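Visitor: Just so it is clear, I am handing over data_19.txt, which has compact mmCIF, C-alpha atoms.
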# COMPACT_ATOMS: atom_id res chain seq x y z
CA MET L 43 6.07 -67.16 -26.20
CA SER L 44 2.71 -66.26 -24.69
CA SER L 45 -0.09 -65.05 -26.91
CA ARG L 46 0.09 -61.66 -25.15
CA ALA L 47 3.74 -61.26 -26.03
CA ALA L 48 3.01 -62.13 -29.64
CA ARG L 49 0.16 -59.66 -29.92
CA GLU L 50 0.85 -56.44 -31.72
CA MET L 51 1.07 -53.32 -29.55
CA GLY L 52 -1.47 -50.59 -30.30
CA CYS L 53 -0.92 -46.85 -30.00
CA ARG L 54 -3.17 -46.58 -26.96
CA GLU L 55 -1.10 -49.22 -25.19
CA LEU L 56 2.19 -47.69 -26.27
CA VAL L 57 1.52 -44.25 -24.77
CA GLU L 58 0.88 -45.92 -21.41
CA ALA L 59 4.01 -48.08 -21.62
CA ILE L 60 6.25 -45.18 -22.56
CA THR L 61 7.56 -44.29 -19.08
CA ASP L 62 8.33 -47.94 -18.31
CA TYR L 63 10.15 -48.04 -21.65
CA LEU L 64 12.18 -44.90 -20.91
CA GLU L 65 12.88 -46.06 -17.34
CA GLY L 66 14.09 -49.44 -18.58
CA THR L 67 11.48 -51.30 -16.55
CA LEU L 68 9.38 -52.61 -19.42
CA PRO L 69 9.57 -56.43 -19.65
CA VAL L 70 11.78 -57.53 -22.52
CA GLU L 71 8.97 -59.08 -24.57
CA ASP L 72 7.05 -55.79 -24.32
CA VAL L 73 10.15 -53.85 -25.36
CA GLU L 74 10.15 -55.94 -28.55
CA ARG L 75 6.46 -55.20 -29.17
CA PHE L 76 7.02 -51.53 -28.34
CA GLU L 77 9.90 -51.16 -30.78
CA ALA L 78 8.21 -53.22 -33.48
CA HIS L 79 5.24 -50.88 -33.29
CA LEU L 80 7.41 -47.75 -33.32
CA GLY L 81 9.07 -48.94 -36.49
CA GLU L 82 5.83 -48.74 -38.40
CA CYS L 83 3.92 -45.93 -36.67
CA ASP L 84 4.91 -42.31 -37.32
CA GLY L 85 2.41 -41.03 -34.75
CA CYS L 86 3.94 -43.06 -31.93
CA GLN L 87 7.50 -42.23 -33.00
CA ARG L 88 6.53 -38.57 -32.85
CA TYR L 89 4.87 -39.07 -29.47
CA LEU L 90 8.04 -40.67 -28.11
CA ASP L 91 10.17 -37.85 -29.54
CA GLN L 92 7.87 -35.29 -27.91
CA MET L 93 8.08 -37.08 -24.57
CA ARG L 94 11.88 -37.04 -24.77
CA ALA L 95 11.88 -33.37 -25.82
CA THR L 96 9.61 -32.56 -22.86
CA VAL L 97 11.95 -34.27 -20.39
CA ALA L 98 14.95 -32.51 -21.95
CA ALA L 99 13.21 -29.12 -21.74
CA LEU L 100 12.43 -29.71 -18.05
CA GLY L 101 16.13 -30.36 -17.47
CA ARG L 102 16.97 -26.94 -18.89
CA ILE L 103 14.83 -24.94 -16.44
CA PRO L 104 17.41 -22.92 -14.49
CA PRO L 105 17.64 -23.06 -10.67
CA GLU L 106 16.46 -20.06 -8.65
CA SER L 107 19.19 -18.33 -6.71
CA PRO L 108 18.15 -17.13 -3.27
CA SER L 109 18.48 -13.34 -2.89
CA ALA L 110 21.38 -11.72 -1.04
CA ALA L 111 18.94 -10.54 1.65
CA GLN L 112 17.82 -14.11 2.17
CA GLN L 113 21.40 -15.37 2.40
CA GLU L 114 21.98 -12.79 5.13
CA ALA L 115 18.84 -13.81 7.00
CA LEU L 116 19.90 -17.45 6.84
CA LEU L 117 23.33 -16.72 8.23
CA GLY L 118 21.70 -14.71 11.02
CA ALA L 119 19.51 -17.70 11.83
CA PHE L 120 22.59 -19.92 11.79
CA HIS L 121 24.42 -17.67 14.27
CA ASN L 122 21.42 -17.65 16.61
CA TRP L 123 21.21 -21.40 16.43
CA ARG L 124 24.93 -21.79 17.14
CA ALA L 125 24.77 -19.40 20.10
CA SER L 126 21.87 -21.35 21.59
CA ARG L 127 23.61 -24.72 21.53
CA MET W 235 27.66 -27.29 -7.77
CA PRO W 236 26.25 -30.65 -6.56
CA VAL W 237 27.84 -31.92 -3.38
CA ALA W 238 29.60 -35.25 -3.78
CA VAL W 239 28.32 -37.97 -1.48
CA GLU W 240 31.59 -38.16 0.45
CA ASP W 241 31.37 -34.41 1.07
CA GLU W 242 27.97 -34.77 2.68
CA GLY W 243 29.51 -36.59 5.66
CA ARG W 244 32.09 -33.85 6.10
CA LEU W 245 29.45 -31.10 5.85
CA LEU W 246 27.21 -32.94 8.29
CA GLU W 247 30.02 -33.11 10.86
CA GLY W 248 30.88 -29.48 10.23
CA LEU W 249 27.31 -28.42 10.73
CA ARG W 250 27.02 -30.36 13.97
CA ALA W 251 30.20 -28.67 15.16
CA GLY W 252 28.72 -25.24 14.32
CA ASP W 253 31.03 -24.58 11.36
CA GLU W 254 29.68 -21.62 9.39
CA GLU W 255 31.56 -22.60 6.24
CA ALA W 256 29.82 -25.98 6.19
CA PHE W 257 26.46 -24.25 6.48
CA ARG W 258 27.33 -21.82 3.67
CA GLN W 259 28.37 -24.67 1.40
CA LEU W 260 25.14 -26.55 2.02
CA VAL W 261 23.05 -23.45 1.37
CA ASP W 262 24.99 -22.77 -1.83
CA ALA W 263 24.69 -26.34 -3.02
CA TYR W 264 21.02 -26.97 -2.29
CA GLY W 265 19.50 -23.48 -1.93
CA PRO W 266 18.71 -22.89 -5.63
CA MET W 267 17.17 -26.35 -6.06
CA LEU W 268 15.10 -25.90 -2.87
CA MET W 269 13.98 -22.44 -3.95
CA ARG W 270 12.73 -23.76 -7.28
CA LEU W 271 10.81 -26.53 -5.51
CA ALA W 272 9.31 -24.09 -3.00
CA LEU W 273 8.16 -21.81 -5.83
CA MET W 274 6.15 -24.69 -7.27
CA HIS W 275 4.05 -24.91 -4.13
CA VAL W 276 3.53 -21.35 -2.98
CA PRO W 277 2.20 -18.32 -4.86
CA SER W 278 5.05 -15.86 -4.43
CA ARG W 279 8.78 -15.47 -4.04
CA ALA W 280 8.33 -13.82 -0.64
CA VAL W 281 6.46 -16.86 0.69
CA ALA W 282 9.00 -19.21 -0.92
CA GLU W 283 11.78 -17.40 0.94
CA GLU W 284 9.91 -17.88 4.20
CA VAL W 285 9.56 -21.56 3.41
CA LEU W 286 13.32 -21.79 2.83
CA GLN W 287 14.09 -19.96 6.05
CA GLU W 288 11.79 -22.29 7.98
CA THR W 289 13.37 -25.31 6.27
CA TRP W 290 16.93 -24.41 7.23
CA LEU W 291 15.83 -23.71 10.81
CA ALA W 292 14.24 -27.16 10.91
CA VAL W 293 17.43 -28.66 9.46
CA LEU W 294 19.58 -26.99 12.12
CA SER W 295 17.33 -27.94 14.99
CA GLY W 296 17.01 -31.52 13.73
CA ILE W 297 20.62 -32.07 12.68
CA ASP W 298 21.58 -33.94 15.85
CA ARG W 299 18.72 -36.36 15.32
CA PHE W 300 19.49 -36.97 11.63
CA GLU W 301 20.51 -40.61 11.42
CA GLY W 302 21.87 -40.68 7.91
CA ARG W 303 19.53 -43.38 6.68
CA SER W 304 18.85 -41.22 3.65
CA SER W 305 21.28 -38.73 2.18
CA LEU W 306 21.43 -35.23 3.65
CA LYS W 307 20.07 -33.92 0.35
CA THR W 308 16.93 -36.09 0.38
CA TRP W 309 16.39 -35.40 4.09
CA ILE W 310 16.56 -31.62 3.66
CA THR W 311 14.34 -31.82 0.58
CA SER W 312 11.66 -33.86 2.35
CA ILE W 313 11.62 -31.24 5.15
CA LEU W 314 11.23 -28.46 2.59
CA LEU W 315 8.44 -30.25 0.74
CA ASN W 316 6.44 -30.82 3.93
CA ILE W 317 6.71 -27.16 4.87
CA ALA W 318 6.02 -25.95 1.31
CA ARG W 319 2.98 -28.20 0.90
CA THR W 320 1.44 -27.08 4.19
CA ARG W 321 2.16 -23.48 3.39
CA GLY W 322 0.85 -23.81 -0.15
CA GLU W 323 -2.44 -25.27 1.01
CA ARG W 324 -2.86 -22.55 3.60
CA GLU W 325 -2.16 -19.85 1.03
CA ARG W 326 -4.48 -21.34 -1.54
CA ARG W 327 -7.44 -21.64 0.82
CA VAL W 328 -9.68 -22.97 -1.92
CA LEU W 329 -10.61 -26.13 -0.17
CA PRO W 330 -12.87 -27.87 -2.72
CA PHE W 331 -10.19 -27.40 -5.37
CA SER W 332 -7.40 -28.84 -3.25
CA LEU W 333 -9.59 -31.77 -2.23
CA LEU W 334 -10.31 -32.41 -5.87
CA ARG W 335 -6.62 -32.47 -6.56
CA ARG W 336 -5.89 -34.86 -3.77
CA ARG W 337 -8.38 -37.33 -5.16
CA ASP W 338 -6.69 -37.72 -8.51
CA GLU W 339 -3.27 -37.79 -6.82
CA GLU W 340 -2.28 -41.29 -7.90
CA GLY W 341 -4.01 -40.87 -11.21
CA ARG W 342 -4.01 -44.58 -11.90
CA ASP W 343 -7.07 -44.42 -14.11
CA GLU W 344 -6.26 -41.22 -15.93
CA PRO W 345 -5.18 -42.04 -19.49
CA ALA W 346 -1.92 -40.49 -20.70
CA VAL W 347 -3.78 -39.35 -23.79
CA PRO W 348 -7.57 -38.77 -23.93
CA SER W 349 -9.28 -41.84 -25.35
CA ASP W 350 -11.00 -39.86 -28.11
CA ARG W 351 -7.59 -39.43 -29.73
CA PHE W 352 -7.69 -43.18 -30.54
CA GLN W 353 -9.94 -45.21 -32.80
CA GLY W 354 -12.76 -47.06 -31.10
CA ARG W 355 -13.70 -50.71 -31.60
CA ARG W 356 -15.40 -49.93 -34.88
CA GLY W 357 -12.47 -48.03 -36.32
CA GLU W 358 -10.31 -49.45 -39.06
CA HIS W 359 -7.48 -49.98 -36.57
CA PRO W 360 -8.97 -50.07 -33.05
CA GLY W 361 -6.58 -48.70 -30.43
CA HIS W 362 -4.53 -46.82 -32.98
CA TRP W 363 -4.35 -43.04 -33.38
CA ALA W 364 -7.43 -41.28 -34.67
CA ARG W 365 -5.74 -37.92 -34.12
CA PRO W 366 -1.95 -38.49 -33.91
CA PRO W 367 0.35 -35.85 -32.42
CA LEU W 368 1.33 -33.07 -34.81
CA ASP W 369 4.85 -31.97 -35.65
CA TRP W 370 6.29 -29.46 -33.16
CA GLY W 371 8.91 -28.26 -35.60
CA PRO W 372 12.52 -28.02 -34.42
CA PRO W 373 12.00 -28.90 -30.71
CA GLU W 374 15.24 -27.33 -29.43
CA GLU W 375 14.27 -23.99 -30.88
CA ARG W 376 10.60 -23.97 -29.98
CA LEU W 377 11.05 -25.36 -26.49
CA ALA W 378 13.74 -22.80 -25.68
CA SER W 379 11.35 -19.84 -26.01
CA ASP W 380 10.16 -17.96 -22.92
CA ALA W 381 6.56 -18.73 -23.85
CA ALA W 382 7.31 -22.46 -23.94
CA ARG W 383 9.10 -22.25 -20.59
CA ASP W 384 6.11 -20.46 -19.06
CA ALA W 385 3.82 -23.14 -20.48
CA LEU W 386 6.07 -25.79 -18.88
CA LEU W 387 6.02 -24.10 -15.47
CA LYS W 388 2.27 -23.58 -15.63
CA ALA W 389 1.73 -27.23 -16.57
CA ILE W 390 3.79 -28.30 -13.55
CA ALA W 391 1.96 -25.90 -11.23
CA ASP W 392 -1.35 -27.43 -12.36
CA LEU W 393 -0.31 -30.99 -11.43
CA PRO W 394 -1.49 -32.67 -8.23
CA PRO W 395 1.22 -32.07 -5.56
CA ARG W 396 2.85 -35.48 -5.54
CA GLN W 397 3.03 -35.69 -9.33
CA ARG W 398 4.53 -32.22 -9.24
CA ASP W 399 7.17 -33.22 -6.70
CA VAL W 400 8.13 -36.36 -8.60
CA ILE W 401 8.54 -34.66 -11.98
CA ALA W 402 10.34 -31.67 -10.42
CA LEU W 403 12.88 -33.86 -8.65
CA ARG W 404 13.37 -36.37 -11.47
CA ASP W 405 13.31 -34.18 -14.56
CA ILE W 406 14.10 -30.66 -13.36
CA SER W 407 16.59 -31.47 -10.59
CA GLY W 408 17.87 -34.65 -12.24
CA TRP W 409 17.51 -36.97 -9.24
CA THR W 410 17.53 -40.77 -9.59
CA SER W 411 14.30 -42.68 -8.97
CA GLU W 412 15.82 -44.06 -5.76
CA GLU W 413 16.52 -40.58 -4.38
CA VAL W 414 12.97 -39.51 -5.20
CA ARG W 415 11.54 -42.61 -3.55
CA ASN W 416 13.51 -41.86 -0.41
CA ALA W 417 12.62 -38.17 -0.23
CA LEU W 418 8.92 -38.74 -0.90
CA ASP W 419 8.59 -42.15 0.75
CA LEU W 420 7.17 -43.84 -2.36
CA SER W 421 7.28 -47.39 -3.67
CA GLU W 422 9.05 -47.96 -6.96
CA THR W 423 5.75 -48.53 -8.75
CA ASN W 424 4.14 -45.43 -7.25
CA GLN W 425 7.06 -43.29 -8.21
CA ARG W 426 6.84 -44.51 -11.79
CA VAL W 427 3.06 -44.08 -12.03
CA LEU W 428 3.30 -40.52 -10.69
CA LEU W 429 6.15 -39.72 -13.09
CA HIS W 430 4.20 -41.18 -16.01
CA ARG W 431 1.05 -39.17 -15.27
CA ALA W 432 3.05 -36.01 -14.72
CA ARG W 433 5.13 -36.31 -17.91
CA SER W 434 2.08 -37.22 -19.98
CA LYS W 435 0.22 -34.12 -18.77
CA VAL W 436 3.17 -31.82 -19.29
CA ARG W 437 3.64 -33.13 -22.84
CA ALA W 438 -0.08 -32.58 -23.47
CA ALA W 439 0.18 -29.01 -22.14
CA LEU W 440 3.07 -28.29 -24.50
CA GLU W 441 1.09 -29.78 -27.37
CA GLU W 442 -1.78 -27.46 -26.54
CA HIS W 443 0.64 -24.56 -26.34
CA PHE W 444 2.22 -25.28 -29.73
CA GLU W 445 -1.00 -26.08 -31.52
CA GLY W 446 -2.65 -22.98 -30.10
CA ASP W 447 0.23 -20.93 -31.49
CA GLY W 448 -0.88 -20.82 -35.06
CA GLU W 449 -4.44 -19.73 -34.33
Could I get this file's structure written as structure tokens?

Guide:
Amino acid sequence: MSSRAAREMGCRELVEAITDYLEGTLPVEDVERFEAHLGECDGCQRYLDQMRATVAALGRIPPESPSAAQQEALLGAFHNWRASR
Amino acid sequence: MPVAVEDEGRLLEGLRAGDEEAFRQLVDAYGPMLMRLALMHVPSRAVAEEVLQETWLAVLSGIDRFEGRSSLKTWITSILLNIARTRGERERRVLPFSLLRRRDEEGRDEPAVPSDRFQGRRGEHPGHWARPPLDWGPPEERLASDAARDALLKAIADLPPRQRDVIALRDISGWTSEEVRNALDLSETNQRVLLHRARSKVRAALEEHFEGDGE
């Protein structure tokens, strides 16, 4: 085990590693340091929870339906295109 | 509503053959997602609708040249984003501001959390929280409010364009990192760095929103 892998992860390092952690791209020895730190740091656990809550909230933003007028305009454009082929 | 991958081939052939039903299905399947993306780049719904119209025209006129190296979805989306970005910059017309944004595009050196939130070298625990995040209360409840949703959308609108596109496609539209890399022509590392910066800023904006609440 390298000395880097053995070193304890700090909060400042953890908040930068968080996306790699969530994406599953954090090297395994860093995952161990990440989780060891989480286990004893309420602030970082809360930060991780907030990051997950943020991603979940983004996933709940509803799509925007195009208006009926726009649907009509699009079909008109489609017919023009088809006629010109 | 999402179109299965095997359906894309059928819709593509239908479109090339001038089948109106295929066109309708594509517009139904991708229109709402494209509209939401367009709205993140341009200032109004009217302009976003023009961007969509222009996008579908470009799709139709380019359909015979589409080689299928990416999926139809990522191809159409990359067309929309190019048009929306150009249109958004033209509408904004505040050049120094947009140049400023472009510079911090990659955001490699921006910390996810401002460094004054951590203890310095002389602190008791250097590199650990000086000001840890506060409790947001029940997140489901608080994040579901209209005010929180507006704060989310504003935070995304304030991001540099590429960070905005990455977080919109990954977290709002639910794309995989590979789809995002294809649509935006990004390396794996770049995609992840942009996502990281974007998510960190959006979380920080929500924090500001919630902590400002009680005052």

Visitor: Could you tell me how far CA of Phe120 in chain L lies from CA of Leu315 in chain W, in Å and to one decimal?

Guide: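 Rounded to one decimal, the two atoms are 20.7 Å apart.
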
Visitor: List as JSON lines every residue of range 251-362 of chain W that is in contact with range 56-73 of chain L, defined as an atom at most 12 Å from one of its atoms (using all atoms listed in the file), together with the nearest atom pair and the distance in Å rounded to one decimal, sorted by chain and then rising number.

Guide:
{"residue": "W:Arg342", "atom": "CA", "partner": "L:Glu58", "partner_atom": "CA", "distance": 10.8}
{"residue": "W:Asp343", "atom": "CA", "partner": "L:Glu58", "partner_atom": "CA", "distance": 10.9}
{"residue": "W:Glu344", "atom": "CA", "partner": "L:Glu58", "partner_atom": "CA", "distance": 10.2}
{"residue": "W:Pro345", "atom": "CA", "partner": "L:Glu58", "partner_atom": "CA", "distance": 7.4}
{"residue": "W:Ala346", "atom": "CA", "partner": "L:Glu58", "partner_atom": "CA", "distance": 6.2}
{"residue": "W:Val347", "atom": "CA", "partner": "L:Val57", "partner_atom": "CA", "distance": 7.3}
{"residue": "W:Pro348", "atom": "CA", "partner": "L:Val57", "partner_atom": "CA", "distance": 10.6}
{"residue": "W:Ser349", "atom": "CA", "partner": "L:Val57", "partner_atom": "CA", "distance": 11.1}
{"residue": "W:Arg351", "atom": "CA", "partner": "L:Val57", "partner_atom": "CA", "distance": 11.4}
{"residue": "W:Phe352", "atom": "CA", "partner": "L:Val57", "partner_atom": "CA", "distance": 10.9}
{"residue": "W:Gly361", "atom": "CA", "partner": "L:Leu56", "partner_atom": "CA", "distance": 9.8}
{"residue": "W:His362", "atom": "CA", "partner": "L:Leu56", "partner_atom": "CA", "distance": 9.5}

Visitor: Could you write out that same residue set with C-alpha atoms as a PDB file, in the coordinates of the input?

Guide:
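This went into selection_36.pdb:
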ATOM      1  CA  ARG W 342      -4.010 -44.580 -11.900  1.00  0.00           C
ATOM      2  CA  ASP W 343      -7.070 -44.420 -14.110  1.00  0.00           C
ATOM      3  CA  GLU W 344      -6.260 -41.220 -15.930  1.00  0.00           C
ATOM      4  CA  PRO W 345      -5.180 -42.040 -19.490  1.00  0.00           C
ATOM      5  CA  ALA W 346      -1.920 -40.490 -20.700  1.00  0.00           C
ATOM      6  CA  VAL W 347      -3.780 -39.350 -23.790  1.00  0.00           C
ATOM      7  CA  PRO W 348      -7.570 -38.770 -23.930  1.00  0.00           C
ATOM      8  CA  SER W 349      -9.280 -41.840 -25.350  1.00  0.00           C
ATOM      9  CA  ARG W 351      -7.590 -39.430 -29.730  1.00  0.00           C
ATOM     10  CA  PHE W 352      -7.690 -43.180 -30.540  1.00  0.00           C
ATOM     11  CA  GLY W 361      -6.580 -48.700 -30.430  1.00  0.00           C
ATOM     12  CA  HIS W 362      -4.530 -46.820 -32.980  1.00  0.00           C
TER      13      HIS W 362
END

Visitor: If you take only C-alpha atoms and a cut-off of 9 Å, which residues of range 51-120 of chain L touch range 276-295 of chain W, and what are their nearest atom pairs and distances in Å to one decimal, in chain and number order, as a tab-separated table?

Guide:
residue	atom	partner	partner_atom	distance
L:Pro108	CA	W:Glu283	CA	7.6
L:Ser109	CA	W:Glu283	CA	8.7
L:Gln112	CA	W:Glu283	CA	7.0
L:Ala115	CA	W:Gln287	CA	7.8
L:Leu116	CA	W:Gln287	CA	6.4
L:Ala119	CA	W:Leu291	CA	7.1
L:Phe120	CA	W:Leu294	CA	7.7

Visitor: Quick one: of W:Met267, W:Ala385, W:Leu428, W:Ala251, who's nearest to chain L, counting all atoms listed in the file?

Guide: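 Closest candidate: W:Met267.
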
Visitor: Do you have the CA of Val97 in chain L-CA of Arg437 in chain W distance handy?

Guide: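 Going from CA of Val97 in chain L over to CA of Arg437 in chain W covers 8.7 Å.
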
Visitor: Mind pulling up the distance from CA of Glu50 in chain L to CA of Arg75 in chain L?

Guide: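 Those two atoms sit 6.3 Å apart.
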
Visitor: If we draw a sphere of 6 Å around (7.9, -34.7, -32.5), which residues have at least one atom in it when counting only C-alpha atoms? Please report them as a list in words.

Guide: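 Taken together, the residues in range are Arg88, Asp91 and Gln92 of chain L; Asp369 and Trp370 of chain W.
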
Visitor: Restricting it to C-alpha atoms, dump the selection as a tab-separated table (two decimals), in the frame of the given file.

Guide:
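Output saved as out_23.tsv:
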chain	number	residue	atom	x	y	z
L	88	ARG	CA	6.53	-38.57	-32.85
L	91	ASP	CA	10.17	-37.85	-29.54
L	92	GLN	CA	7.87	-35.29	-27.91
W	369	ASP	CA	4.85	-31.97	-35.65
W	370	TRP	CA	6.29	-29.46	-33.16

Visitor: Rank W:Arg415, W:His359, W:Arg270, W:Arg299 by their smallest atom-to-atom distance to Ile103 in chain L, using only C-alpha atoms, and report the top residue only.

Guide: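 Using only C-alpha atoms, Ile103 in chain L sits closest to W:Arg270.
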
Visitor: Go through W:Ala381, W:Val414, W:Leu393, W:Leu273 and flag the residue nearest chain L, using all atoms listed in the file for the distances.

Guide: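 That would be W:Leu273, the residue with the smallest distance to chain L.
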